[in-house]
Amino acid sequence: MTERTQATPGRRTVMGVGAAVLGTAAIGLSGTARAAGNTEERSGGQGGGPGHRLDLPVPTVIGHRGTSGYRPEHTLGSYQLALDMGAHIIEQDLVPTRDGHLVCRHENDITATTDVSAHPEFASRRTTKTVDGVPLTGWFTEDFTLAELKTLRATERIPGNRQRNTLYDGRWEIPTFEEVLRWADREGRRRGKPVWLYVETKHPTYFRGLGLGLEERLVTLLRRYDRHRAQSPLILQSFEPSSIQRLSKLVATPRVVLLSGAGTRPWDFTATGDTRTTDDLVKPAGLKWMASFAQGIGPTLDLIIPKDGSGRLTAPTTLVRDAHAQGLILHPYTMRNENTFLPADFRRGSDPNAYGDAFGAFAAYFATGIDGIFSDNADTALLAAADFTGR
């Protein structure tokens, strides 16, 4: 029997209404600390309580940076295709401009995801910075105004792996998060149901040090577009627990702590001298601590099922069971169809950029009882989820 069938009835209840290719499930997100008063209306609070319920299918398919397996990431084209394919949630990563606007880029270094290097007027902006302890040379969003960024066009980040995506280089500009919110509202009205967004604060400690704090700017937009409530169709996420803690005091929107690989340390922990690592956070005490201000975790897939030295899957860890025991949902990342990104068990042929047995890999991960998964290929993930649930 899998963890899914052993889950307590109060944590997820299957409802009768269909959504995409799966039946809709209301996933209860219960934090350890209970918010006082009406969490649906209050400005913030600790934990989720029974007011946090996500009307999402299980397993939930999260369109990673849109559907970046087919379009340049974090473009309206990528978001639209993910939605058209049926992804249950569409992900945005947020970084600021010099004049304080939030834009959708996976990193503030835009060297690989835009045509900035082809703009001679910005040649002098190329510089070296240290971001979260890592030296990087390139062009960075915080050195551009929004008007300047809007003169650039998005390009495929990994053209060596996804040459076909280069067909769309130059087609879309960098979207602001407010533009995405407007797009989501339009599409929601057209479709007659909300468009869910999954929003990450990128390098929040770094940007706060530059006077460009992300959380307050994000909250302003969430309130403006009525996505600040416990029932809002949006999930907040960050690799820095302190960012999620800050957001928990400002909005009731559901929140997820992202977890990097074993042995790593969140940058805000490094900055403040907290010696805990991911290894500590995935233990029951660490999970209980995160459940006091978040409703879920987003671990790497390797924290769910580690790989051996040859890259093959080994036995699952107890993380799914332990997180569910604390009332936390799990949305691990990231599934991609290409051989080079798959566990060795599921690679097929010798071409690293050809598709492997992605369905086999999805089945292995879904069998652990995870609540959802980030995928670059929403259509593949949806079919795999339908296979798993028998629909």
# chains A, B, ... in the order shown; residues from 1 in each chain; ligands from 1
call {"tool": "select_by_dssp", "arguments": {"residues": "range 169-304 of chain A", "states": "strand (DSSP E or B)", "output": "list of chain:residue names"}}
result
A:Thr176, A:Trp196, A:Leu197, A:Tyr198, A:Val199, A:Glu200, A:Thr201, A:Leu234, A:Ile235, A:Leu236, A:Gln237, A:Ser238, A:Arg255, A:Val256, A:Val257, A:Leu258, A:Leu259, A:Gly296, A:Ile297, A:Gly298, A:Pro299, A:Thr300
call {"tool": "residues_around", "arguments": {"residues": "range 303-318 of chain A", "least_positions_apart": "2", "cutoff": "9 Å", "atoms": "only C-alpha atoms", "output": "list of chain:residue names"}}
result
A:Leu259, A:Ser260, A:Gly261, A:Ala262, A:Val282, A:Pro299, A:Thr300, A:Leu301, A:Val320, A:Arg321, A:Asp322, A:Ala323, A:Pro332, A:Leu342, A:Pro343, A:Ala344, A:Asp345, A:Phe346, A:Ala364, A:Tyr365, A:Thr368, A:Ile370
call {"tool": "write_last_selection", "arguments": {"atoms": "N, CA, C and O atoms", "output": "tab-separated table (two decimals), in the first residue's frame"}}
result
chain	number	residue	atom	x	y	z
A	259	LEU	N	13.50	22.97	-1.16
A	259	LEU	CA	14.66	22.34	-0.54
A	259	LEU	C	15.63	21.87	-1.61
A	259	LEU	O	15.27	21.08	-2.49
A	260	SER	N	16.87	22.34	-1.52
A	260	SER	CA	17.91	21.90	-2.44
A	260	SER	C	18.45	20.53	-2.03
A	260	SER	O	17.92	19.90	-1.12
A	261	GLY	N	19.51	20.10	-2.68
A	261	GLY	CA	20.03	18.76	-2.47
A	261	GLY	C	20.58	18.53	-1.07
A	261	GLY	O	20.82	19.47	-0.29
A	262	ALA	N	20.78	17.27	-0.75
A	262	ALA	CA	21.32	16.88	0.56
A	262	ALA	C	22.64	17.59	0.82
A	262	ALA	O	23.48	17.74	-0.07
A	282	VAL	N	14.82	18.06	6.57
A	282	VAL	CA	13.98	16.93	6.16
A	282	VAL	C	13.76	15.92	7.28
A	282	VAL	O	13.03	14.95	7.10
A	299	PRO	N	10.88	19.62	-2.42
A	299	PRO	CA	12.23	19.06	-2.40
A	299	PRO	C	12.70	18.66	-3.79
A	299	PRO	O	11.90	18.49	-4.71
A	300	THR	N	14.00	18.48	-3.95
A	300	THR	CA	14.50	17.87	-5.17
A	300	THR	C	13.99	16.42	-5.22
A	300	THR	O	13.74	15.80	-4.20
A	301	LEU	N	13.90	15.90	-6.43
A	301	LEU	CA	13.47	14.51	-6.59
A	301	LEU	C	14.44	13.56	-5.90
A	301	LEU	O	14.03	12.48	-5.42
A	320	VAL	N	8.38	11.49	2.26
A	320	VAL	CA	6.96	11.65	1.97
A	320	VAL	C	6.14	11.33	3.21
A	320	VAL	O	5.26	12.10	3.62
A	321	ARG	N	6.42	10.19	3.82
A	321	ARG	CA	5.69	9.81	5.03
A	321	ARG	C	5.88	10.82	6.15
A	321	ARG	O	4.92	11.24	6.81
A	322	ASP	N	7.12	11.27	6.35
A	322	ASP	CA	7.41	12.18	7.45
A	322	ASP	C	6.77	13.55	7.23
A	322	ASP	O	6.27	14.17	8.18
A	323	ALA	N	6.80	14.04	5.98
A	323	ALA	CA	6.19	15.34	5.69
A	323	ALA	C	4.67	15.28	5.84
A	323	ALA	O	4.05	16.18	6.41
A	332	PRO	N	7.78	17.96	-5.42
A	332	PRO	CA	9.20	17.91	-5.80
A	332	PRO	C	9.46	18.39	-7.23
A	332	PRO	O	8.54	18.48	-8.05
A	342	LEU	N	17.06	12.42	-17.02
A	342	LEU	CA	16.35	11.31	-16.39
A	342	LEU	C	17.29	10.43	-15.58
A	342	LEU	O	18.49	10.36	-15.87
A	343	PRO	N	16.77	9.72	-14.56
A	343	PRO	CA	17.58	8.70	-13.90
A	343	PRO	C	18.08	7.69	-14.93
A	343	PRO	O	17.40	7.43	-15.94
A	344	ALA	N	19.23	7.12	-14.69
A	344	ALA	CA	19.84	6.21	-15.67
A	344	ALA	C	18.93	5.03	-16.00
A	344	ALA	O	18.97	4.51	-17.13
A	345	ASP	N	18.09	4.61	-15.06
A	345	ASP	CA	17.18	3.49	-15.30
A	345	ASP	C	16.27	3.73	-16.50
A	345	ASP	O	15.79	2.77	-17.12
A	346	PHE	N	15.99	5.00	-16.78
A	346	PHE	CA	14.95	5.33	-17.75
A	346	PHE	C	15.49	6.01	-19.01
A	346	PHE	O	14.73	6.53	-19.81
A	364	ALA	N	7.51	5.90	-11.11
A	364	ALA	CA	8.31	5.62	-9.92
A	364	ALA	C	8.14	6.71	-8.87
A	364	ALA	O	8.02	6.42	-7.66
A	365	TYR	N	8.13	7.96	-9.30
A	365	TYR	CA	7.99	9.06	-8.34
A	365	TYR	C	6.57	9.15	-7.78
A	365	TYR	O	6.37	9.36	-6.58
A	368	THR	N	5.57	6.96	-4.77
A	368	THR	CA	6.03	7.31	-3.41
A	368	THR	C	4.95	8.04	-2.62
A	368	THR	O	5.10	8.22	-1.42
A	370	ILE	N	3.87	11.30	-3.48
A	370	ILE	CA	4.00	12.76	-3.60
A	370	ILE	C	2.67	13.35	-4.06
A	370	ILE	O	1.86	12.69	-4.71
call {"tool": "closest_residue", "arguments": {"among": "A:Glu240, A:Val199, A:Phe362, A:Pro233", "to": "Asp274 in chain A", "atoms": "only C-alpha atoms"}}
result
A:Glu240
call {"tool": "residues_around", "arguments": {"residues": "Glu91 in chain A", "least_positions_apart": "2", "cutoff": "7 Å", "atoms": "only C-alpha atoms", "output": "VMD selection string"}}
result
chain A and resid 62 to 66 89 93 197 to 199
call {"tool": "atom_distance", "arguments": {"atom1": "CA of Ser292 in chain A", "atom2": "CA of Leu328 in chain A"}}
result
10.1 Å
call {"tool": "atom_distance", "arguments": {"atom1": "CA of Ser232 in chain A", "atom2": "CA of Arg191 in chain A"}}
result
16.9 Å
call {"tool": "residues_around", "arguments": {"residues": "Glu142 in chain A", "least_positions_apart": "4", "cutoff": "8 Å", "atoms": "only C-alpha atoms", "output": "PDB file with C-alpha atoms, in the first residue's frame"}}
result
ATOM      1  CA  PRO A  96      13.380  42.903  -9.577  1.00  0.00           C
ATOM      2  CA  THR A  97      14.408  45.618 -11.992  1.00  0.00           C
ATOM      3  CA  ARG A  98      16.470  48.624 -10.942  1.00  0.00           C
ATOM      4  CA  ASP A  99      13.286  50.675 -10.619  1.00  0.00           C
ATOM      5  CA  ASN A 108      18.588  37.818 -12.311  1.00  0.00           C
TER       6      ASN A 108
END
call {"tool": "closest_residue", "arguments": {"among": "A:Arg125, A:Arg391, A:Arg336, A:His119", "to": "Asn161 in chain A", "atoms": "only C-alpha atoms"}}
result
A:Arg336
call {"tool": "select_by_dssp", "arguments": {"residues": "range 136-373 of chain A", "states": "helix (DSSP H, G or I)", "output": "ChimeraX atom specification"}}
result
/A:141-143,146-149,163-168,177-191,204-209,214-224,241-248,267-272,278-281,284-290,301-304,319-325,339-341,344-346,358-366
call {"tool": "residues_around", "arguments": {"residues": "range 266-269 of chain A", "least_positions_apart": "3", "cutoff": "12 Å", "atoms": "only C-alpha atoms", "output": "VMD selection string"}}
result
chain A and resid 131 to 134 202 to 209 238 to 245 257 to 263 272 to 281
call {"tool": "closest_residue", "arguments": {"among": "A:Gly86, A:Pro352, A:Gly100, A:Gly327", "to": "Leu210 in chain A", "atoms": "only C-alpha atoms"}}
result
A:Gly100
